[in-house]
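work35.cif follows (mmCIF, C-alpha atoms):
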data_work
loop_
_atom_site.group_PDB
_atom_site.id
_atom_site.type_symbol
_atom_site.label_atom_id
_atom_site.label_comp_id
_atom_site.auth_asym_id
_atom_site.auth_seq_id
_atom_site.Cartn_x
_atom_site.Cartn_y
_atom_site.Cartn_z
ATOM 1 C CA SER U 964 -7.138 21.620 72.167
ATOM 2 C CA THR U 965 -6.542 20.445 68.600
ATOM 3 C CA PRO U 966 -7.247 23.117 65.955
ATOM 4 C CA LEU U 967 -9.935 22.378 63.394
ATOM 5 C CA TYR U 968 -7.522 23.038 60.544
ATOM 6 C CA SER U 969 -3.898 23.867 59.959
ATOM 7 C CA SER U 970 -2.386 25.912 57.148
ATOM 8 C CA ALA U 971 0.792 27.781 56.376
ATOM 9 C CA ALA U 972 -0.984 30.927 55.203
ATOM 10 C CA SER U 973 -3.934 32.930 56.482
ATOM 11 C CA ASP U 974 -5.118 34.282 53.111
ATOM 12 C CA VAL U 975 -5.576 32.666 49.713
ATOM 13 C CA TYR U 976 -5.393 35.102 46.826
ATOM 14 C CA LYS U 977 -6.694 35.030 43.275
ATOM 15 C CA ARG U 978 -5.445 32.030 41.271
ATOM 16 C CA GLN U 979 -3.543 30.688 44.265
ATOM 17 C CA THR U 980 -4.139 27.338 45.940
ATOM 18 C CA GLN U 981 -3.870 26.316 49.561
ATOM 19 C CA ASP U 982 -3.975 22.838 51.075
ATOM 20 C CA TYR U 983 -5.900 22.393 54.310
ATOM 21 C CA GLU U 984 -5.769 19.515 56.745
ATOM 22 C CA ILE U 985 -9.052 18.945 58.548
ATOM 23 C CA LYS U 986 -8.587 17.171 61.873
ATOM 24 C CA ILE U 987 -11.725 15.156 62.641
ATOM 25 C CA PRO U 988 -11.948 14.010 66.290
ATOM 26 C CA ALA U 989 -12.481 10.283 66.769
ATOM 27 C CA ASP U 990 -15.845 10.910 68.451
ATOM 28 C CA HIS U 991 -17.164 13.276 65.767
ATOM 29 C CA PRO U 992 -20.564 12.200 64.348
ATOM 30 C CA CYS U 993 -20.463 10.639 60.894
ATOM 31 C CA GLY U 994 -22.501 12.349 58.218
ATOM 32 C CA THR U 995 -22.892 15.021 55.545
ATOM 33 C CA PHE U 996 -21.358 18.369 56.451
ATOM 34 C CA TRP U 997 -20.010 21.338 54.490
ATOM 35 C CA TYR U 998 -17.481 24.150 54.579
ATOM 36 C CA HIS U 999 -17.402 27.630 53.090
ATOM 37 C CA ALA U 1000 -15.147 30.669 52.841
ATOM 38 C CA HIS U 1001 -15.237 32.689 56.052
ATOM 39 C CA LYS U 1002 -13.127 35.810 55.647
ATOM 40 C CA HIS U 1003 -14.586 38.518 57.883
ATOM 41 C CA GLY U 1004 -16.488 41.080 55.840
ATOM 42 C CA SER U 1005 -16.579 38.901 52.730
ATOM 43 C CA THR U 1006 -18.344 35.715 53.816
ATOM 44 C CA ALA U 1007 -21.702 36.416 52.156
ATOM 45 C CA ALA U 1008 -20.087 37.583 48.906
ATOM 46 C CA GLN U 1009 -17.795 34.569 48.729
ATOM 47 C CA VAL U 1010 -20.431 31.960 49.569
ATOM 48 C CA ALA U 1011 -22.810 33.609 47.081
ATOM 49 C CA SER U 1012 -20.030 33.209 44.506
ATOM 50 C CA GLY U 1013 -19.839 29.441 45.065
ATOM 51 C CA MET U 1014 -16.904 29.168 47.475
ATOM 52 C CA ALA U 1015 -18.185 26.142 49.385
ATOM 53 C CA GLY U 1016 -17.899 22.372 49.347
ATOM 54 C CA ALA U 1017 -19.018 19.167 51.029
ATOM 55 C CA LEU U 1018 -17.303 17.459 53.958
ATOM 56 C CA ILE U 1019 -18.237 13.785 54.280
ATOM 57 C CA VAL U 1020 -17.386 11.987 57.519
ATOM 58 C CA SER U 1021 -17.746 8.274 56.746
ATOM 59 C CA GLY U 1022 -18.964 5.526 59.026
ATOM 60 C CA GLY U 1023 -21.988 4.809 61.152
ATOM 61 C CA ILE U 1024 -25.110 4.663 59.003
ATOM 62 C CA ASP U 1025 -22.940 4.136 55.909
ATOM 63 C CA GLU U 1026 -22.254 0.559 57.013
ATOM 64 C CA LEU U 1027 -25.864 -0.606 57.320
ATOM 65 C CA PRO U 1028 -27.259 -3.169 54.840
ATOM 66 C CA GLY U 1029 -29.253 -1.511 52.084
ATOM 67 C CA ILE U 1030 -27.360 1.762 52.529
ATOM 68 C CA ARG U 1031 -23.777 0.596 51.996
ATOM 69 C CA GLU U 1032 -24.717 -0.980 48.628
ATOM 70 C CA ALA U 1033 -26.385 2.180 47.281
ATOM 71 C CA ARG U 1034 -24.465 4.350 44.855
ATOM 72 C CA GLU U 1035 -23.687 7.670 46.526
ATOM 73 C CA ARG U 1036 -23.955 11.112 44.937
ATOM 74 C CA VAL U 1037 -23.209 14.478 46.537
ATOM 75 C CA PHE U 1038 -25.338 17.452 45.439
ATOM 76 C CA MET U 1039 -23.917 20.896 46.264
ATOM 77 C CA LEU U 1040 -26.888 23.163 45.532
ATOM 78 C CA GLN U 1041 -25.959 26.813 44.942
ATOM 79 C CA GLN U 1042 -27.311 30.007 43.463
ATOM 80 C CA ILE U 1043 -24.676 32.435 42.159
ATOM 81 C CA SER U 1044 -26.252 35.784 42.932
ATOM 82 C CA TYR U 1045 -24.136 38.369 41.192
ATOM 83 C CA LEU U 1046 -24.729 40.426 38.036
ATOM 84 C CA TYR U 1047 -21.887 39.878 35.569
ATOM 85 C CA LYS U 1048 -24.151 39.767 32.483
ATOM 86 C CA ASN U 1049 -27.824 40.572 32.969
ATOM 87 C CA CYS U 1050 -30.580 42.709 31.503
ATOM 88 C CA PHE U 1051 -33.501 44.106 33.486
ATOM 89 C CA PRO U 1052 -36.725 45.671 32.180
ATOM 90 C CA LYS U 1053 -37.073 49.423 32.670
ATOM 91 C CA ASN U 1054 -40.256 51.078 33.790
ATOM 92 C CA GLY U 1055 -41.841 52.445 30.636
ATOM 93 C CA GLY U 1056 -40.062 50.019 28.309
ATOM 94 C CA GLY U 1057 -36.596 49.013 27.268
ATOM 95 C CA GLU U 1058 -33.889 47.356 29.333
ATOM 96 C CA THR U 1059 -30.979 48.172 31.601
ATOM 97 C CA CYS U 1060 -28.110 45.813 30.786
ATOM 98 C CA PHE U 1061 -24.858 44.989 32.558
ATOM 99 C CA GLU U 1062 -21.701 43.355 31.267
ATOM 100 C CA LEU U 1063 -19.252 43.816 34.089
ATOM 101 C CA PRO U 1064 -15.541 42.983 33.800
ATOM 102 C CA GLU U 1065 -14.003 40.355 36.063
ATOM 103 C CA GLY U 1066 -13.082 41.614 39.509
ATOM 104 C CA VAL U 1067 -15.622 44.441 39.761
ATOM 105 C CA ILE U 1068 -17.063 44.912 43.250
ATOM 106 C CA GLU U 1069 -20.814 45.072 42.721
ATOM 107 C CA GLU U 1070 -21.808 47.161 45.724
ATOM 108 C CA PRO U 1071 -23.147 50.042 43.557
ATOM 109 C CA TYR U 1072 -25.573 47.567 41.956
ATOM 110 C CA VAL U 1073 -26.789 45.954 45.165
ATOM 111 C CA ASN U 1074 -30.449 46.873 44.555
ATOM 112 C CA PHE U 1075 -30.396 44.889 41.299
ATOM 113 C CA ILE U 1076 -29.163 41.831 43.212
ATOM 114 C CA PHE U 1077 -30.719 41.949 46.668
ATOM 115 C CA GLY U 1078 -33.468 44.552 46.312
ATOM 116 C CA PRO U 1079 -37.201 43.753 46.506
ATOM 117 C CA GLY U 1080 -38.334 41.623 43.577
ATOM 118 C CA SER U 1081 -34.810 41.386 42.145
ATOM 119 C CA TRP U 1082 -34.147 37.646 42.380
ATOM 120 C CA ASP U 1083 -36.260 36.231 39.553
ATOM 121 C CA PRO U 1084 -35.046 38.794 36.951
ATOM 122 C CA LEU U 1085 -31.475 37.651 37.637
ATOM 123 C CA GLY U 1086 -32.471 34.364 35.979
ATOM 124 C CA ARG U 1087 -30.233 32.260 38.194
ATOM 125 C CA TYR U 1088 -30.375 28.468 38.207
ATOM 126 C CA THR U 1089 -29.784 26.394 41.277
ATOM 127 C CA THR U 1090 -26.637 24.615 40.139
ATOM 128 C CA VAL U 1091 -25.553 21.084 41.107
ATOM 129 C CA ASN U 1092 -21.813 20.907 41.791
ATOM 130 C CA GLY U 1093 -21.430 24.037 39.681
ATOM 131 C CA VAL U 1094 -23.369 22.685 36.681
ATOM 132 C CA GLU U 1095 -26.605 24.147 35.314
ATOM 133 C CA LEU U 1096 -29.258 21.512 34.585
ATOM 134 C CA PRO U 1097 -27.010 18.428 34.757
ATOM 135 C CA VAL U 1098 -28.101 15.042 33.368
ATOM 136 C CA ILE U 1099 -27.958 12.208 35.906
ATOM 137 C CA ARG U 1100 -27.963 8.654 34.535
ATOM 138 C CA VAL U 1101 -29.160 5.868 36.851
ATOM 139 C CA ARG U 1102 -29.617 2.103 36.523
ATOM 140 C CA PRO U 1103 -33.128 0.574 36.286
ATOM 141 C CA GLY U 1104 -34.258 -0.750 39.677
ATOM 142 C CA SER U 1105 -31.268 0.686 41.529
ATOM 143 C CA VAL U 1106 -31.190 2.485 44.869
ATOM 144 C CA GLU U 1107 -29.023 5.578 45.215
ATOM 145 C CA ARG U 1108 -28.097 7.671 48.213
ATOM 146 C CA TRP U 1109 -28.240 11.398 47.546
ATOM 147 C CA ARG U 1110 -26.397 13.688 49.941
ATOM 148 C CA LEU U 1111 -28.127 17.045 49.458
ATOM 149 C CA VAL U 1112 -26.345 20.208 50.644
ATOM 150 C CA HIS U 1113 -27.985 23.620 50.237
ATOM 151 C CA SER U 1114 -24.997 25.983 50.160
ATOM 152 C CA GLY U 1115 -26.814 28.832 48.393
ATOM 153 C CA VAL U 1116 -27.824 32.101 50.009
ATOM 154 C CA ARG U 1117 -31.058 33.283 48.415
ATOM 155 C CA GLU U 1118 -33.676 30.534 48.145
ATOM 156 C CA ARG U 1119 -35.793 28.094 50.023
ATOM 157 C CA ILE U 1120 -35.610 24.896 47.963
ATOM 158 C CA GLU U 1121 -38.327 22.251 47.885
ATOM 159 C CA LEU U 1122 -36.955 19.268 45.971
ATOM 160 C CA LYS U 1123 -39.196 16.815 44.150
ATOM 161 C CA LEU U 1124 -38.531 14.076 41.574
ATOM 162 C CA GLU U 1125 -41.373 14.015 39.066
ATOM 163 C CA SER U 1126 -41.865 12.146 35.828
ATOM 164 C CA ALA U 1127 -40.977 13.744 32.504
ATOM 165 C CA ALA U 1128 -41.781 10.602 30.481
ATOM 166 C CA ASN U 1129 -42.964 7.459 32.225
ATOM 167 C CA PRO U 1130 -43.231 4.411 29.958
ATOM 168 C CA GLY U 1131 -44.543 1.224 31.498
ATOM 169 C CA GLY U 1132 -46.617 3.043 34.087
ATOM 170 C CA SER U 1133 -43.657 4.172 36.206
ATOM 171 C CA PRO U 1134 -44.735 6.474 39.064
ATOM 172 C CA SER U 1135 -45.348 10.164 38.410
ATOM 173 C CA VAL U 1136 -43.412 11.178 41.551
ATOM 174 C CA LEU U 1137 -40.513 9.217 43.029
ATOM 175 C CA PRO U 1138 -40.470 9.390 46.829
ATOM 176 C CA LEU U 1139 -37.364 10.530 48.665
ATOM 177 C CA HIS U 1140 -36.585 8.292 51.640
ATOM 178 C CA GLU U 1141 -34.844 10.594 54.112
ATOM 179 C CA ILE U 1142 -32.402 8.894 56.491
ATOM 180 C CA ALA U 1143 -30.414 11.834 57.913
ATOM 181 C CA VAL U 1144 -30.869 15.590 58.425
ATOM 182 C CA ASP U 1145 -28.012 18.073 58.831
ATOM 183 C CA GLY U 1146 -25.610 15.138 58.885
ATOM 184 C CA LEU U 1147 -27.309 13.301 61.748
ATOM 185 C CA PRO U 1148 -29.186 9.991 61.308
ATOM 186 C CA LEU U 1149 -32.910 10.114 61.987
ATOM 187 C CA GLY U 1150 -32.994 6.562 63.294
ATOM 188 C CA ARG U 1151 -35.783 5.802 60.831
ATOM 189 C CA ILE U 1152 -36.625 6.065 57.138
ATOM 190 C CA SER U 1153 -38.953 8.976 56.411
ATOM 191 C CA LYS U 1154 -40.751 8.647 53.064
ATOM 192 C CA ARG U 1155 -41.409 12.065 51.510
ATOM 193 C CA ASP U 1156 -42.744 13.401 48.224
ATOM 194 C CA SER U 1157 -40.519 16.456 48.637
ATOM 195 C CA ILE U 1158 -37.701 17.679 50.881
ATOM 196 C CA GLU U 1159 -37.451 21.265 52.096
ATOM 197 C CA LEU U 1160 -33.999 22.846 52.299
ATOM 198 C CA TRP U 1161 -32.998 26.312 53.493
ATOM 199 C CA PRO U 1162 -29.445 27.675 53.180
ATOM 200 C CA GLY U 1163 -27.115 25.521 55.262
ATOM 201 C CA TYR U 1164 -29.558 22.594 55.472
ATOM 202 C CA ARG U 1165 -28.518 19.080 54.533
ATOM 203 C CA SER U 1166 -30.511 15.937 53.868
ATOM 204 C CA ASP U 1167 -29.491 12.362 53.044
ATOM 205 C CA ALA U 1168 -32.150 10.559 51.019
ATOM 206 C CA LEU U 1169 -32.422 7.161 49.358
ATOM 207 C CA VAL U 1170 -34.088 7.015 45.945
ATOM 208 C CA GLN U 1171 -35.362 3.760 44.445
ATOM 209 C CA PHE U 1172 -35.711 3.989 40.670
ATOM 210 C CA PRO U 1173 -38.298 1.937 38.755
ATOM 211 C CA ASN U 1174 -37.122 -0.963 36.616
ATOM 212 C CA THR U 1175 -38.225 0.836 33.450
ATOM 213 C CA PRO U 1176 -35.394 1.731 31.050
ATOM 214 C CA GLY U 1177 -36.187 4.909 29.168
ATOM 215 C CA ALA U 1178 -38.139 6.554 31.981
ATOM 216 C CA GLU U 1179 -37.082 10.130 32.703
ATOM 217 C CA TYR U 1180 -37.552 12.281 35.767
ATOM 218 C CA LEU U 1181 -36.965 15.934 36.541
ATOM 219 C CA LEU U 1182 -35.508 17.147 39.817
ATOM 220 C CA VAL U 1183 -37.498 20.299 40.450
ATOM 221 C CA ASP U 1184 -37.582 23.076 43.003
ATOM 222 C CA GLU U 1185 -41.263 23.702 43.661
ATOM 223 C CA ARG U 1186 -42.639 27.228 43.655
ATOM 224 C CA THR U 1187 -42.259 29.042 46.986
ATOM 225 C CA GLU U 1188 -45.012 31.417 48.030
ATOM 226 C CA ALA U 1189 -44.010 34.864 49.274
ATOM 227 C CA ALA U 1190 -45.208 34.128 52.814
ATOM 228 C CA VAL U 1191 -42.640 31.329 53.278
ATOM 229 C CA SER U 1192 -39.746 32.624 51.150
ATOM 230 C CA MET U 1193 -36.498 34.034 52.522
ATOM 231 C CA ASN U 1194 -37.038 37.542 51.207
ATOM 232 C CA GLY U 1195 -40.806 37.880 51.234
ATOM 233 C CA ASN U 1196 -40.991 37.401 47.449
ATOM 234 C CA ALA U 1197 -42.484 34.414 45.640
ATOM 235 C CA GLU U 1198 -39.932 32.176 43.918
ATOM 236 C CA ASN U 1199 -40.838 30.566 40.610
ATOM 237 C CA ARG U 1200 -40.827 26.814 40.083
ATOM 238 C CA LYS U 1201 -37.466 25.768 38.617
ATOM 239 C CA TYR U 1202 -35.813 22.734 37.067
ATOM 240 C CA ILE U 1203 -32.567 21.580 38.701
ATOM 241 C CA ALA U 1204 -31.564 18.345 36.941
ATOM 242 C CA ARG U 1205 -32.719 15.704 34.479
ATOM 243 C CA VAL U 1206 -32.623 12.039 35.546
ATOM 244 C CA ILE U 1207 -32.517 9.289 32.887
ATOM 245 C CA ILE U 1208 -33.020 5.600 33.710
ATOM 246 C CA GLU U 1209 -30.854 3.518 31.393
ATOM 247 C CA GLY U 1210 -28.378 0.636 31.159
ATOM 248 C CA GLU U 1211 -28.421 -2.840 32.639
ATOM 249 C CA PRO U 1212 -31.042 -3.390 35.364
ATOM 250 C CA GLN U 1213 -29.740 -3.411 38.915
ATOM 251 C CA PRO U 1214 -32.639 -4.549 41.124
ATOM 252 C CA MET U 1215 -32.138 -3.391 44.693
ATOM 253 C CA ASN U 1216 -34.242 -3.093 47.820
ATOM 254 C CA LEU U 1217 -34.538 -0.202 50.222
ATOM 255 C CA PRO U 1218 -33.260 -0.946 53.721
ATOM 256 C CA SER U 1219 -35.796 -2.011 56.297
ATOM 257 C CA GLU U 1220 -36.368 -0.334 59.627
ATOM 258 C CA SER U 1221 -33.987 -2.006 62.078
ATOM 259 C CA GLN U 1222 -32.738 -1.687 65.616
ATOM 260 C CA GLU U 1223 -29.291 -0.855 64.222
ATOM 261 C CA LEU U 1224 -30.811 2.125 62.426
ATOM 262 C CA LYS U 1225 -32.701 3.268 65.526
ATOM 263 C CA ASP U 1226 -29.571 3.012 67.654
ATOM 264 C CA LEU U 1227 -27.771 5.534 65.406
ATOM 265 C CA ALA U 1228 -30.268 8.310 66.101
ATOM 266 C CA LEU U 1229 -28.901 11.250 68.083
ATOM 267 C CA GLN U 1230 -30.011 10.886 71.676
ATOM 268 C CA PRO U 1231 -32.025 13.772 73.161
ATOM 269 C CA ILE U 1232 -30.505 16.018 75.797
ATOM 270 C CA ASN U 1233 -32.659 15.991 78.891
ATOM 271 C CA CYS U 1234 -32.797 19.378 80.570
ATOM 272 C CA LEU U 1235 -34.124 20.050 84.041
ATOM 273 C CA LEU U 1236 -35.407 23.472 85.062
ATOM 274 C CA TYR U 1237 -34.660 24.345 88.670
ATOM 275 C CA THR U 1238 -36.446 27.098 90.548
ATOM 276 C CA SER U 1239 -36.130 28.159 94.124
ATOM 277 C CA ASP U 1240 -37.735 30.686 96.392
ATOM 278 C CA ALA U 1241 -34.323 32.147 97.060
ATOM 279 C CA ALA U 1242 -33.789 32.834 93.372
ATOM 280 C CA ASP U 1243 -37.117 34.620 93.173
ATOM 281 C CA GLU U 1244 -36.385 36.961 96.068
#
Here is the file; what I need is its structure written in the form of structure tokens.
Amino acid sequence: STPLYSSAASDVYKRQTQDYEIKIPADHPCGTFWYHAHKHGSTAAQVASGMAGALIVSGGIDELPGIREARERVFMLQQISYLYKNCFPKNGGGETCFELPEGVIEEPYVNFIFGPGSWDPLGRYTTVNGVELPVIRVRPGSVERWRLVHSGVRERIELKLESAANPGGSPSVLPLHEIAVDGLPLGRISKRDSIELWPGYRSDALVQFPNTPGAEYLLVDERTEAAVSMNGNAENRKYIARVIIEGEPQPMNLPSESQELKDLALQPINCLLYTSDAADE
């Protein structure tokens, strides 16, 4: 069989680079996928440090009218979990502060990172392609395709686009029109006010922006209640990005439901359960 990748070296060390060749089989589904560091014993630490990226396999749904014309953006959503520089409140007053040098293994401080109730005091943003609170500039009336990849390790994310300033009566929440999940086309367009992502999840969504220059939206991660969080602790509502509508208008339409779109949906696997008297004896 053909290996998934080929390389001349098995390990990549600090400040070194390594080229990889990814061999995609001809019958591989098209869609949004991702890769991450996978050294045994270090996977969680490396992924939690941002060692991940998107893998886009083009074709299929990309060619459909209304999707192929949309500007495409890839969002790698990550939370960098480790201490480096942080201060935590002490019981009885005061703070415990850390300013760790580069290269320190943080195992002795694990309770400050992964212990009960530790996440919010870390003050971590969900970054987009490594940037905290990026500004995204979009054309009035345009449709964009957002490939959303949750490559973080600590949070359930519930994404929503809500108005920060809406001149001209632009909508208070922009719907996200989901067309694929985990890289696979849905075969339909699912209109949602928010999209839920857990670590490893992916979603492709179309966004149609109002034809109102000057309108601004915030991409937010809605508050997660303790009962549905990863670690049994509530997660505060957070801002992820700012979206500004500006420039020359670019009126576009969302794609319509079509047979071509339906035909791209992954077909179900039909399973039959066999029983026999002989097997029961």
Report as a tab-separated table: every residue of stretch 983-1076 of chain U with an atom at most 12 Å from stretch 1164-1180 of chain U, its closest pair of atoms, and their distance in Å to one decimal, counting only C-alpha atoms, with rows sorted by chain and ascending residue number.
residue	atom	partner	partner_atom	distance
U:Gly994	CA	U:Asp1167	CA	8.7
U:Thr995	CA	U:Arg1165	CA	7.0
U:Phe996	CA	U:Arg1165	CA	7.4
U:Trp997	CA	U:Arg1165	CA	8.8
U:Ala1017	CA	U:Arg1165	CA	10.1
U:Leu1018	CA	U:Arg1165	CA	11.3
U:Ile1019	CA	U:Asp1167	CA	11.4
U:Ile1024	CA	U:Asp1167	CA	10.7
U:Asp1025	CA	U:Asp1167	CA	10.9
U:Gly1029	CA	U:Leu1169	CA	9.6
U:Ile1030	CA	U:Leu1169	CA	8.1
U:Arg1031	CA	U:Leu1169	CA	11.2
U:Glu1032	CA	U:Leu1169	CA	11.2
U:Ala1033	CA	U:Leu1169	CA	8.1
U:Arg1034	CA	U:Leu1169	CA	9.6
U:Glu1035	CA	U:Leu1169	CA	9.2
U:Arg1036	CA	U:Asp1167	CA	9.9
U:Val1037	CA	U:Asp1167	CA	9.3
U:Phe1038	CA	U:Arg1165	CA	9.8
U:Met1039	CA	U:Arg1165	CA	9.6
U:Leu1040	CA	U:Arg1165	CA	10.0
U:Gln1041	CA	U:Tyr1164	CA	11.9
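With only C-alpha atoms taken into account, every residue lying no more than 7 Å from the file point (-34.7, 8.5, 64.9) is included here: Pro1148, Leu1149, Gly1150, Arg1151, Lys1225 and Ala1228 of chain U.
Take the candidates U:Val1067, U:Cys1060, U:Ala1000, U:Ile1099 and check each one against U:Ala1015 using all atoms listed in the file; the shortest distance goes to U:Ala1000.
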Which residue, U:Gly1013, U:Leu1096, U:Val1106, U:Cys993, has the smallest gap to U:Leu1229 when you use all atoms listed in the file?
U:Cys993
Applying 6 Å and all atoms listed in the file, which residues near stretch 1196-1206 of chain U remain after dropping the ones on its own chain fewer than 3 positions away? List them as a PyMOL selection string.
chain U and resi 1096-1100+1179-1189
Which residues match the PyMOL selection byres ((chain U and resi 1135) around 6) in the file above, as JSON, numbers by chain?
{"U": [1125, 1126, 1134, 1136]}
Evaluate the PyMOL selection byres ((chain U and resi 1061-1064) around 6) on the structure here and hand back the selected residues as an NGL selection string.
:U and (1047-1049 or 1060 or 1065)
Spell out the residues picked by the PyMOL selection byres ((chain U and resi 1154-1162) around 6) here, as a ChimeraX atom specification.
/U:1113-1116,1119-1123,1138-1140,1153,1163-1164
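Separating atom CA of U:Gln1042 from atom CA of U:Pro1071 is a distance of 20.5 Å.
Here atom CA of U:Val1101 stands at a distance of 9.6 Å from atom CA of U:Pro1212.
Computed from the coordinates, the atom CA of U:Tyr1045 to atom CA of U:Ser1012 distance equals 7.4 Å.
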Where atoms are lacking, stretch 1078-1092 of chain U completed to N, CA, C and O atoms, as a PDB file, in the coordinates of the input:
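Once written, part_9.pdb looks like this:
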ATOM      1  N   GLY U1078     -32.312  43.704  46.071  1.00  0.00           N
ATOM      2  CA  GLY U1078     -33.468  44.552  46.312  1.00  0.00           C
ATOM      3  C   GLY U1078     -34.779  43.787  46.171  1.00  0.00           C
ATOM      4  O   GLY U1078     -34.816  42.658  45.687  1.00  0.00           O
ATOM      5  N   PRO U1079     -35.893  44.422  46.592  1.00  0.00           N
ATOM      6  CA  PRO U1079     -37.201  43.753  46.506  1.00  0.00           C
ATOM      7  C   PRO U1079     -37.531  43.347  45.071  1.00  0.00           C
ATOM      8  O   PRO U1079     -37.372  44.127  44.131  1.00  0.00           O
ATOM      9  N   GLY U1080     -37.932  42.104  44.898  1.00  0.00           N
ATOM     10  CA  GLY U1080     -38.334  41.623  43.577  1.00  0.00           C
ATOM     11  C   GLY U1080     -37.202  41.429  42.599  1.00  0.00           C
ATOM     12  O   GLY U1080     -37.436  41.252  41.399  1.00  0.00           O
ATOM     13  N   SER U1081     -35.947  41.422  43.076  1.00  0.00           N
ATOM     14  CA  SER U1081     -34.810  41.386  42.145  1.00  0.00           C
ATOM     15  C   SER U1081     -34.376  39.971  41.780  1.00  0.00           C
ATOM     16  O   SER U1081     -33.669  39.786  40.787  1.00  0.00           O
ATOM     17  N   TRP U1082     -34.749  38.962  42.572  1.00  0.00           N
ATOM     18  CA  TRP U1082     -34.147  37.646  42.380  1.00  0.00           C
ATOM     19  C   TRP U1082     -34.545  36.991  41.068  1.00  0.00           C
ATOM     20  O   TRP U1082     -33.690  36.546  40.298  1.00  0.00           O
ATOM     21  N   ASP U1083     -35.832  36.914  40.772  1.00  0.00           N
ATOM     22  CA  ASP U1083     -36.260  36.231  39.553  1.00  0.00           C
ATOM     23  C   ASP U1083     -35.694  36.868  38.279  1.00  0.00           C
ATOM     24  O   ASP U1083     -35.279  36.147  37.369  1.00  0.00           O
ATOM     25  N   PRO U1084     -35.641  38.223  38.163  1.00  0.00           N
ATOM     26  CA  PRO U1084     -35.046  38.794  36.951  1.00  0.00           C
ATOM     27  C   PRO U1084     -33.581  38.438  36.737  1.00  0.00           C
ATOM     28  O   PRO U1084     -33.086  38.489  35.615  1.00  0.00           O
ATOM     29  N   LEU U1085     -32.863  38.076  37.819  1.00  0.00           N
ATOM     30  CA  LEU U1085     -31.475  37.651  37.637  1.00  0.00           C
ATOM     31  C   LEU U1085     -31.381  36.387  36.792  1.00  0.00           C
ATOM     32  O   LEU U1085     -30.370  36.130  36.149  1.00  0.00           O
ATOM     33  N   GLY U1086     -32.445  35.565  36.812  1.00  0.00           N
ATOM     34  CA  GLY U1086     -32.471  34.364  35.979  1.00  0.00           C
ATOM     35  C   GLY U1086     -31.496  33.295  36.409  1.00  0.00           C
ATOM     36  O   GLY U1086     -30.994  32.523  35.600  1.00  0.00           O
ATOM     37  N   ARG U1087     -31.235  33.211  37.709  1.00  0.00           N
ATOM     38  CA  ARG U1087     -30.233  32.260  38.194  1.00  0.00           C
ATOM     39  C   ARG U1087     -30.824  30.858  38.348  1.00  0.00           C
ATOM     40  O   ARG U1087     -31.922  30.676  38.841  1.00  0.00           O
ATOM     41  N   TYR U1088     -30.054  29.859  37.923  1.00  0.00           N
ATOM     42  CA  TYR U1088     -30.375  28.468  38.207  1.00  0.00           C
ATOM     43  C   TYR U1088     -29.844  28.104  39.594  1.00  0.00           C
ATOM     44  O   TYR U1088     -28.906  28.712  40.090  1.00  0.00           O
ATOM     45  N   THR U1089     -30.443  27.086  40.178  1.00  0.00           N
ATOM     46  CA  THR U1089     -29.784  26.394  41.277  1.00  0.00           C
ATOM     47  C   THR U1089     -28.890  25.346  40.637  1.00  0.00           C
ATOM     48  O   THR U1089     -29.372  24.417  39.983  1.00  0.00           O
ATOM     49  N   THR U1090     -27.592  25.522  40.770  1.00  0.00           N
ATOM     50  CA  THR U1090     -26.637  24.615  40.139  1.00  0.00           C
ATOM     51  C   THR U1090     -26.381  23.395  41.028  1.00  0.00           C
ATOM     52  O   THR U1090     -26.567  23.447  42.249  1.00  0.00           O
ATOM     53  N   VAL U1091     -25.946  22.302  40.401  1.00  0.00           N
ATOM     54  CA  VAL U1091     -25.553  21.084  41.107  1.00  0.00           C
ATOM     55  C   VAL U1091     -24.065  20.886  40.860  1.00  0.00           C
ATOM     56  O   VAL U1091     -23.642  20.664  39.717  1.00  0.00           O
ATOM     57  N   ASN U1092     -23.272  21.027  41.920  1.00  0.00           N
ATOM     58  CA  ASN U1092     -21.813  20.907  41.791  1.00  0.00           C
ATOM     59  C   ASN U1092     -21.283  21.833  40.695  1.00  0.00           C
ATOM     60  O   ASN U1092     -20.382  21.466  39.920  1.00  0.00           O
TER      61      ASN U1092
END
